[in-house]
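**Student:** First, the structure itself, so that you have it in front of you.
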Amino acid sequence: MTNPDRGAYTPPTDAPLSFDARQPVRGTRPAPMMLIVSALVLIGLVVAIVVFYRSGVRQAGAAPQAVGAPVGAIK
């Protein structure tokens, strides 16, 4: 357990563990691939929405299409 004679700032006397999760196994940290892929998908969706919004369903300056059948003459 703990030794009461040791102070809080005394260096540890035990040997380091064989596996330390804080240190990467390789020399560099791996790239966050899921974050990069999800960012690319989000950017693609935003670009698609902007393209569809700007193209619209009718040409620029055209009048909207009539909805329903035209009404006959009013008496």
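Each chain in the structure tokens gets a letter, A, B, ..., in the order shown, and its residues are numbered from 1; ligands are numbered from 1 in order too.
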Could you pull out the alpha helix (DSSP H) residues of chain A from DSSP and send them as a ChimeraX atom specification?
**Tutor:** /A:33-55
**Student:** Output N, CA and C atoms for every residue in the selection just made, as a tab-separated table (two decimals), in the first residue's frame.
**Tutor:**
```
chain	number	residue	atom	x	y	z
A	33	MET	N	-9.23	9.40	-38.26
A	33	MET	CA	-9.85	9.14	-39.57
A	33	MET	C	-11.36	9.33	-39.54
A	34	MET	N	-12.04	8.90	-38.49
A	34	MET	CA	-13.50	9.05	-38.44
A	34	MET	C	-13.89	10.53	-38.42
A	35	LEU	N	-13.15	11.34	-37.73
A	35	LEU	CA	-13.43	12.77	-37.69
A	35	LEU	C	-13.22	13.39	-39.07
A	36	ILE	N	-12.16	12.99	-39.75
A	36	ILE	CA	-11.87	13.53	-41.08
A	36	ILE	C	-12.95	13.09	-42.07
A	37	VAL	N	-13.34	11.81	-42.04
A	37	VAL	CA	-14.36	11.31	-42.96
A	37	VAL	C	-15.70	11.98	-42.70
A	38	SER	N	-16.09	12.13	-41.44
A	38	SER	CA	-17.38	12.76	-41.14
A	38	SER	C	-17.37	14.24	-41.54
A	39	ALA	N	-16.23	14.91	-41.41
A	39	ALA	CA	-16.13	16.31	-41.84
A	39	ALA	C	-16.27	16.40	-43.37
A	40	LEU	N	-15.67	15.46	-44.10
A	40	LEU	CA	-15.81	15.46	-45.56
A	40	LEU	C	-17.25	15.19	-45.99
A	41	VAL	N	-17.93	14.28	-45.30
A	41	VAL	CA	-19.34	14.00	-45.61
A	41	VAL	C	-20.19	15.22	-45.32
A	42	LEU	N	-19.95	15.90	-44.21
A	42	LEU	CA	-20.71	17.10	-43.87
A	42	LEU	C	-20.47	18.20	-44.90
A	43	ILE	N	-19.24	18.39	-45.31
A	43	ILE	CA	-18.94	19.40	-46.34
A	43	ILE	C	-19.62	19.05	-47.65
A	44	GLY	N	-19.62	17.76	-48.01
A	44	GLY	CA	-20.31	17.32	-49.23
A	44	GLY	C	-21.81	17.59	-49.17
A	45	LEU	N	-22.43	17.34	-48.02
A	45	LEU	CA	-23.86	17.62	-47.87
A	45	LEU	C	-24.15	19.11	-47.97
A	46	VAL	N	-23.33	19.92	-47.37
A	46	VAL	CA	-23.53	21.38	-47.43
A	46	VAL	C	-23.40	21.86	-48.87
A	47	VAL	N	-22.40	21.36	-49.59
A	47	VAL	CA	-22.22	21.75	-50.98
A	47	VAL	C	-23.42	21.32	-51.82
A	48	ALA	N	-23.93	20.10	-51.62
A	48	ALA	CA	-25.09	19.61	-52.37
A	48	ALA	C	-26.32	20.46	-52.08
A	49	ILE	N	-26.54	20.83	-50.83
A	49	ILE	CA	-27.70	21.65	-50.47
A	49	ILE	C	-27.60	23.03	-51.13
A	50	VAL	N	-26.40	23.62	-51.12
A	50	VAL	CA	-26.22	24.93	-51.74
A	50	VAL	C	-26.46	24.85	-53.24
A	51	VAL	N	-25.96	23.81	-53.89
A	51	VAL	CA	-26.15	23.66	-55.34
A	51	VAL	C	-27.63	23.49	-55.66
A	52	PHE	N	-28.33	22.64	-54.93
A	52	PHE	CA	-29.76	22.44	-55.17
A	52	PHE	C	-30.56	23.70	-54.88
A	53	TYR	N	-30.18	24.44	-53.83
A	53	TYR	CA	-30.89	25.67	-53.49
A	53	TYR	C	-30.70	26.71	-54.58
A	54	ARG	N	-29.47	26.85	-55.08
A	54	ARG	CA	-29.21	27.88	-56.08
A	54	ARG	C	-29.80	27.53	-57.44
A	55	SER	N	-29.88	26.22	-57.78
A	55	SER	CA	-30.44	25.85	-59.08
A	55	SER	C	-31.96	25.96	-59.06
```
